[in-house]
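Structure file data_21.cif; described as mmCIF, N, CA and C atoms.
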```cif
data_entry
#
loop_
_atom_site.label_atom_id
_atom_site.label_comp_id
_atom_site.auth_asym_id
_atom_site.auth_seq_id
_atom_site.Cartn_x
_atom_site.Cartn_y
_atom_site.Cartn_z
N MET A 1 12.40 12.74 -62.95
CA MET A 1 12.84 12.55 -61.57
C MET A 1 11.96 13.41 -60.66
N SER A 2 11.42 12.81 -59.63
CA SER A 2 10.54 13.57 -58.73
C SER A 2 11.36 14.36 -57.71
N LYS A 3 10.74 15.46 -57.27
CA LYS A 3 11.39 16.31 -56.27
C LYS A 3 11.38 15.63 -54.91
N LYS A 4 12.44 15.81 -54.18
CA LYS A 4 12.48 15.36 -52.79
C LYS A 4 11.63 16.31 -51.96
N ILE A 5 10.96 15.77 -50.97
CA ILE A 5 10.15 16.58 -50.06
C ILE A 5 10.89 16.71 -48.73
N ILE A 6 10.99 17.92 -48.25
CA ILE A 6 11.56 18.19 -46.94
C ILE A 6 10.41 18.23 -45.94
N HIS A 7 10.51 17.42 -44.89
CA HIS A 7 9.48 17.43 -43.86
C HIS A 7 10.10 17.95 -42.57
N VAL A 8 9.62 19.11 -42.14
CA VAL A 8 10.11 19.77 -40.94
C VAL A 8 9.20 19.40 -39.77
N ILE A 9 9.79 18.92 -38.70
CA ILE A 9 9.04 18.65 -37.48
C ILE A 9 9.55 19.63 -36.44
N ALA A 10 8.64 20.51 -35.99
CA ALA A 10 9.03 21.57 -35.06
C ALA A 10 8.18 21.48 -33.80
N VAL A 11 8.74 21.92 -32.70
CA VAL A 11 8.02 21.94 -31.43
C VAL A 11 7.83 23.38 -30.98
N SER A 12 6.79 23.58 -30.17
CA SER A 12 6.44 24.93 -29.77
C SER A 12 5.88 24.93 -28.35
N TYR A 13 6.09 26.06 -27.68
CA TYR A 13 5.44 26.29 -26.40
C TYR A 13 5.34 27.78 -26.14
N LYS A 14 4.21 28.36 -26.44
CA LYS A 14 3.84 29.73 -26.11
C LYS A 14 4.88 30.79 -26.51
N ARG A 15 5.53 30.61 -27.62
CA ARG A 15 6.44 31.63 -28.15
C ARG A 15 5.90 32.03 -29.51
N TYR A 16 4.79 32.75 -29.47
CA TYR A 16 4.00 33.02 -30.67
C TYR A 16 4.74 33.89 -31.68
N GLY A 17 5.49 34.86 -31.23
CA GLY A 17 6.25 35.71 -32.15
C GLY A 17 7.27 34.91 -32.93
N GLU A 18 8.05 34.10 -32.22
CA GLU A 18 9.05 33.26 -32.86
C GLU A 18 8.39 32.23 -33.78
N LEU A 19 7.25 31.70 -33.36
CA LEU A 19 6.52 30.74 -34.18
C LEU A 19 6.11 31.37 -35.50
N ARG A 20 5.58 32.58 -35.45
CA ARG A 20 5.16 33.27 -36.67
C ARG A 20 6.35 33.50 -37.61
N VAL A 21 7.48 33.93 -37.07
CA VAL A 21 8.67 34.16 -37.90
C VAL A 21 9.13 32.86 -38.53
N PHE A 22 9.16 31.80 -37.75
CA PHE A 22 9.62 30.49 -38.24
C PHE A 22 8.74 30.00 -39.38
N VAL A 23 7.43 29.98 -39.15
CA VAL A 23 6.51 29.46 -40.17
C VAL A 23 6.52 30.36 -41.40
N GLN A 24 6.51 31.66 -41.21
CA GLN A 24 6.51 32.57 -42.35
C GLN A 24 7.76 32.41 -43.19
N SER A 25 8.89 32.11 -42.56
CA SER A 25 10.13 31.92 -43.32
C SER A 25 10.01 30.74 -44.28
N TRP A 26 9.28 29.72 -43.89
CA TRP A 26 9.05 28.58 -44.79
C TRP A 26 8.06 28.95 -45.88
N LEU A 27 7.03 29.70 -45.52
CA LEU A 27 6.05 30.12 -46.52
C LEU A 27 6.67 31.04 -47.57
N ASN A 28 7.72 31.76 -47.21
CA ASN A 28 8.37 32.68 -48.13
C ASN A 28 9.30 32.00 -49.13
N GLN A 29 9.52 30.72 -48.97
CA GLN A 29 10.42 30.00 -49.88
C GLN A 29 9.84 29.97 -51.29
N THR A 30 10.70 30.02 -52.28
CA THR A 30 10.24 29.97 -53.67
C THR A 30 9.87 28.56 -54.09
N GLU A 31 10.44 27.57 -53.47
CA GLU A 31 10.09 26.18 -53.75
C GLU A 31 9.00 25.73 -52.79
N ASN A 32 8.16 24.83 -53.23
CA ASN A 32 7.10 24.33 -52.35
C ASN A 32 7.25 22.85 -52.07
N ASN A 33 8.48 22.36 -52.08
CA ASN A 33 8.75 20.94 -51.85
C ASN A 33 9.00 20.65 -50.36
N TRP A 34 8.17 21.22 -49.53
CA TRP A 34 8.31 21.01 -48.09
C TRP A 34 6.95 20.79 -47.45
N ARG A 35 6.99 20.11 -46.33
CA ARG A 35 5.83 19.91 -45.46
C ARG A 35 6.30 20.21 -44.05
N MET A 36 5.36 20.56 -43.19
CA MET A 36 5.73 20.93 -41.82
C MET A 36 4.71 20.37 -40.83
N THR A 37 5.21 19.85 -39.74
CA THR A 37 4.39 19.46 -38.61
C THR A 37 4.88 20.23 -37.40
N VAL A 38 3.97 20.96 -36.76
CA VAL A 38 4.32 21.74 -35.57
C VAL A 38 3.51 21.17 -34.41
N ILE A 39 4.19 20.85 -33.33
CA ILE A 39 3.56 20.24 -32.16
C ILE A 39 3.72 21.18 -30.97
N HIS A 40 2.61 21.50 -30.34
CA HIS A 40 2.65 22.37 -29.16
C HIS A 40 2.62 21.51 -27.90
N ASP A 41 3.42 21.88 -26.92
CA ASP A 41 3.52 21.14 -25.66
C ASP A 41 2.32 21.49 -24.77
N GLY A 42 1.25 20.72 -24.88
CA GLY A 42 0.03 20.95 -24.12
C GLY A 42 -0.98 21.74 -24.95
N LYS A 43 -2.20 21.75 -24.46
CA LYS A 43 -3.30 22.45 -25.15
C LYS A 43 -3.07 23.96 -25.14
N ASP A 44 -3.36 24.62 -26.27
CA ASP A 44 -3.19 26.07 -26.35
C ASP A 44 -4.04 26.62 -27.49
N LEU A 45 -5.07 27.35 -27.16
CA LEU A 45 -6.00 27.88 -28.13
C LEU A 45 -5.34 28.90 -29.06
N GLN A 46 -4.50 29.77 -28.53
CA GLN A 46 -3.85 30.78 -29.37
C GLN A 46 -2.95 30.12 -30.41
N PHE A 47 -2.24 29.09 -30.04
CA PHE A 47 -1.41 28.33 -30.98
C PHE A 47 -2.28 27.78 -32.10
N GLU A 48 -3.41 27.18 -31.73
CA GLU A 48 -4.29 26.58 -32.74
C GLU A 48 -4.84 27.62 -33.70
N ILE A 49 -5.19 28.79 -33.20
CA ILE A 49 -5.70 29.87 -34.06
C ILE A 49 -4.62 30.31 -35.05
N ILE A 50 -3.42 30.52 -34.55
CA ILE A 50 -2.30 30.94 -35.40
C ILE A 50 -2.03 29.89 -36.48
N MET A 51 -1.96 28.64 -36.07
CA MET A 51 -1.58 27.59 -37.00
C MET A 51 -2.68 27.29 -38.01
N LYS A 52 -3.95 27.44 -37.63
CA LYS A 52 -5.03 27.23 -38.61
C LYS A 52 -4.92 28.21 -39.75
N SER A 53 -4.57 29.46 -39.44
CA SER A 53 -4.43 30.44 -40.52
C SER A 53 -3.24 30.08 -41.42
N TYR A 54 -2.14 29.63 -40.85
CA TYR A 54 -0.99 29.22 -41.66
C TYR A 54 -1.30 27.97 -42.47
N GLN A 55 -2.05 27.05 -41.88
CA GLN A 55 -2.42 25.84 -42.61
C GLN A 55 -3.22 26.19 -43.87
N TYR A 56 -4.12 27.12 -43.73
CA TYR A 56 -4.94 27.57 -44.87
C TYR A 56 -4.06 28.23 -45.93
N ILE A 57 -3.19 29.15 -45.52
CA ILE A 57 -2.31 29.87 -46.44
C ILE A 57 -1.38 28.90 -47.18
N SER A 58 -0.95 27.85 -46.50
CA SER A 58 0.04 26.93 -47.06
C SER A 58 -0.56 25.86 -47.96
N ASN A 59 -1.86 25.93 -48.20
CA ASN A 59 -2.53 24.87 -48.98
C ASN A 59 -2.34 23.50 -48.34
N ASN A 60 -2.46 23.47 -47.03
CA ASN A 60 -2.39 22.24 -46.23
C ASN A 60 -1.02 21.56 -46.26
N ARG A 61 0.04 22.32 -46.49
CA ARG A 61 1.38 21.75 -46.34
C ARG A 61 1.80 21.73 -44.88
N ILE A 62 1.03 22.43 -44.04
CA ILE A 62 1.35 22.51 -42.61
C ILE A 62 0.31 21.73 -41.83
N ASP A 63 0.81 20.85 -40.97
CA ASP A 63 -0.03 20.09 -40.05
C ASP A 63 0.40 20.51 -38.64
N PHE A 64 -0.52 20.47 -37.72
CA PHE A 64 -0.17 20.87 -36.35
C PHE A 64 -1.11 20.19 -35.37
N TYR A 65 -0.64 20.06 -34.16
CA TYR A 65 -1.49 19.57 -33.08
C TYR A 65 -0.87 19.89 -31.73
N CYS A 66 -1.71 19.83 -30.73
CA CYS A 66 -1.28 20.02 -29.34
C CYS A 66 -1.31 18.66 -28.64
N THR A 67 -0.37 18.45 -27.75
CA THR A 67 -0.41 17.22 -26.96
C THR A 67 -1.49 17.36 -25.88
N ASP A 68 -1.99 16.24 -25.42
CA ASP A 68 -3.01 16.26 -24.37
C ASP A 68 -2.48 16.77 -23.04
N LYS A 69 -1.21 16.49 -22.79
CA LYS A 69 -0.60 16.95 -21.54
C LYS A 69 0.71 17.67 -21.85
N ARG A 70 1.18 18.43 -20.92
CA ARG A 70 2.45 19.15 -21.07
C ARG A 70 3.58 18.26 -20.58
N PHE A 71 4.58 18.06 -21.43
CA PHE A 71 5.72 17.22 -21.08
C PHE A 71 6.84 18.02 -20.40
N ASN A 72 7.02 19.29 -20.79
CA ASN A 72 7.98 20.17 -20.15
C ASN A 72 9.40 19.58 -20.14
N ASP A 73 9.81 19.01 -21.29
CA ASP A 73 11.16 18.45 -21.38
C ASP A 73 11.93 19.03 -22.57
N TYR A 74 11.72 20.33 -22.78
CA TYR A 74 12.41 21.07 -23.84
C TYR A 74 12.14 20.52 -25.24
N GLY A 75 11.02 19.87 -25.42
CA GLY A 75 10.63 19.38 -26.74
C GLY A 75 11.12 17.99 -27.11
N HIS A 76 11.85 17.34 -26.21
CA HIS A 76 12.38 16.00 -26.54
C HIS A 76 11.26 15.02 -26.85
N THR A 77 10.26 14.94 -25.99
CA THR A 77 9.15 14.01 -26.21
C THR A 77 8.36 14.39 -27.44
N LEU A 78 8.15 15.68 -27.65
CA LEU A 78 7.38 16.13 -28.81
C LEU A 78 8.09 15.79 -30.11
N ARG A 79 9.39 15.95 -30.17
CA ARG A 79 10.14 15.57 -31.38
C ARG A 79 10.02 14.07 -31.63
N GLU A 80 10.11 13.29 -30.58
CA GLU A 80 9.97 11.84 -30.72
C GLU A 80 8.59 11.48 -31.24
N LEU A 81 7.55 12.11 -30.69
CA LEU A 81 6.19 11.87 -31.15
C LEU A 81 6.04 12.26 -32.62
N GLY A 82 6.59 13.40 -32.99
CA GLY A 82 6.51 13.86 -34.37
C GLY A 82 7.21 12.93 -35.33
N LEU A 83 8.39 12.47 -34.97
CA LEU A 83 9.12 11.54 -35.83
C LEU A 83 8.38 10.22 -35.97
N LYS A 84 7.84 9.71 -34.88
CA LYS A 84 7.10 8.45 -34.95
C LYS A 84 5.87 8.59 -35.84
N LYS A 85 5.15 9.70 -35.69
CA LYS A 85 3.96 9.94 -36.51
C LYS A 85 4.35 10.04 -37.99
N PHE A 86 5.43 10.76 -38.27
CA PHE A 86 5.90 10.91 -39.65
C PHE A 86 6.30 9.57 -40.24
N LEU A 87 7.02 8.77 -39.49
CA LEU A 87 7.45 7.46 -39.99
C LEU A 87 6.27 6.54 -40.25
N VAL A 88 5.26 6.60 -39.42
CA VAL A 88 4.07 5.77 -39.65
C VAL A 88 3.40 6.19 -40.95
N ILE A 89 3.26 7.49 -41.16
CA ILE A 89 2.64 7.99 -42.40
C ILE A 89 3.47 7.62 -43.60
N MET A 90 4.78 7.75 -43.47
CA MET A 90 5.68 7.52 -44.60
C MET A 90 5.69 6.05 -45.05
N PHE A 91 5.60 5.13 -44.10
CA PHE A 91 5.74 3.72 -44.44
C PHE A 91 4.42 2.95 -44.46
N CYS A 92 3.30 3.62 -44.33
CA CYS A 92 2.01 2.92 -44.40
C CYS A 92 1.42 3.02 -45.79
#
```
Take the structure from the file and write it as structure tokens.
Amino acid sequence: MSKKIIHVIAVSYKRYGELRVFVQSWLNQTENNWRMTVIHDGKDLQFEIIMKSYQYISNNRIDFYCTDKRFNDYGHTLRELGLKKFLVIMFC
């Protein structure tokens, strides 16, 4: 029987301390049956630098990207984008 994979879709906007705690808590898990997509609301170089290091540490279990524009709707649009992207990957 194969392990179920947990796919976490998270949104972010310039809360780097909280982002580090959140991602590190997943990296600290004893099981590795998870994947993560983190989406930043608008372009942000510091976010990309932080997430590239986590992507490397996680053996590419973490995917991340910034949106081209800032939606400023408390992450609602970003969650929708993340879910749509995940569903396309899952069913293609």
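A straight line drawn from atom C of A:Ser25 to atom C of A:Tyr54 is 11.8 Å long.
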Task: Shell of 9 Å around A:Arg79, only C-alpha atoms, local chain residues under 3 positions omitted, as a ChimeraX atom specification - done: /A:9-11,39,75-76,82-84
Open item on the list: Between atom N of A:Val8 and atom C of A:Thr37, what distance in Å does the model show, to one decimal?
Closed with: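 Result for atom N of A:Val8 versus atom C of A:Thr37: 6.8 Å, one decimal.
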Open item on the list: Considering all atoms listed in the file, can you say which of A:Glu18, A:Tyr65, A:Lys85, A:Ile5 comes closest to A:Lys43?
Closed with: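 Counting all atoms listed in the file, the residue closest to A:Lys43 is A:Tyr65.
Nearest to A:Ile57 of all the residues A:His40, A:Thr77, A:Asn32, A:Leu27 is A:Leu27, based on only N, CA and C atoms.
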Task: Selected residue, from A:Asp68, A:Asp63, A:Asp44, A:Asp73, that lies nearest to A:Phe86 when counting only C-alpha atoms - done: A:Asp63
Open item on the list: Which residues are near A:Arg35? Cut-off 5 Å, only N, CA and C atoms, ignore same chain within fewer than 5 positions. Put them as a ChimeraX atom specification.
Closed with: /A:6-8,61
TODO: Calculate how many Å separate atom N of A:Asn28 from atom CA of A:Tyr13, rounding to one decimal.
DONE: 21.6 Å
Open item on the list: Under the rule that only C-alpha atoms are counted, which of A:Ser2, A:Asn59, A:Gln46, A:Gln29 is the nearest residue to A:Arg15?
Closed with: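 For A:Arg15, the nearest of the candidates is A:Gln46.
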- [ ] Let me know the residues the PyMOL selection byres (((chain A and resi 70 and name CA) around 6) and name CA) catches in the file above, as a PyMOL selection string.
- [x] chain A and resi 41-42+69+71-72
Convert the current residue selection to file output with N, CA and C atoms, as a PDB file, in the frame of the given file.
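Once everything was written out, this is out.pdb:
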```
ATOM      1  N   ASP A  41       3.420  21.880 -26.920  1.00  0.00           N
ATOM      2  CA  ASP A  41       3.520  21.140 -25.660  1.00  0.00           C
ATOM      3  C   ASP A  41       2.320  21.490 -24.770  1.00  0.00           C
ATOM      4  N   GLY A  42       1.250  20.720 -24.880  1.00  0.00           N
ATOM      5  CA  GLY A  42       0.030  20.950 -24.120  1.00  0.00           C
ATOM      6  C   GLY A  42      -0.980  21.740 -24.950  1.00  0.00           C
ATOM      7  N   LYS A  69      -1.210  16.490 -22.790  1.00  0.00           N
ATOM      8  CA  LYS A  69      -0.600  16.950 -21.540  1.00  0.00           C
ATOM      9  C   LYS A  69       0.710  17.670 -21.850  1.00  0.00           C
ATOM     10  N   PHE A  71       4.580  18.060 -21.430  1.00  0.00           N
ATOM     11  CA  PHE A  71       5.720  17.220 -21.080  1.00  0.00           C
ATOM     12  C   PHE A  71       6.840  18.020 -20.400  1.00  0.00           C
ATOM     13  N   ASN A  72       7.020  19.290 -20.790  1.00  0.00           N
ATOM     14  CA  ASN A  72       7.980  20.170 -20.150  1.00  0.00           C
ATOM     15  C   ASN A  72       9.400  19.580 -20.140  1.00  0.00           C
TER      16      ASN A  72
END
```
- [ ] Could you give me, as JSON, numbers by chain, each residue of stretch 7-82 of chain A that DSSP assigns to helix (DSSP H, G or I) when run on this structure's backbone?
- [x] {"A": [16, 17, 18, 19, 20, 21, 22, 23, 24, 25, 26, 27, 45, 46, 47, 48, 49, 50, 51, 52, 53, 54, 55, 56, 57, 76, 77, 78, 79, 80, 81, 82]}
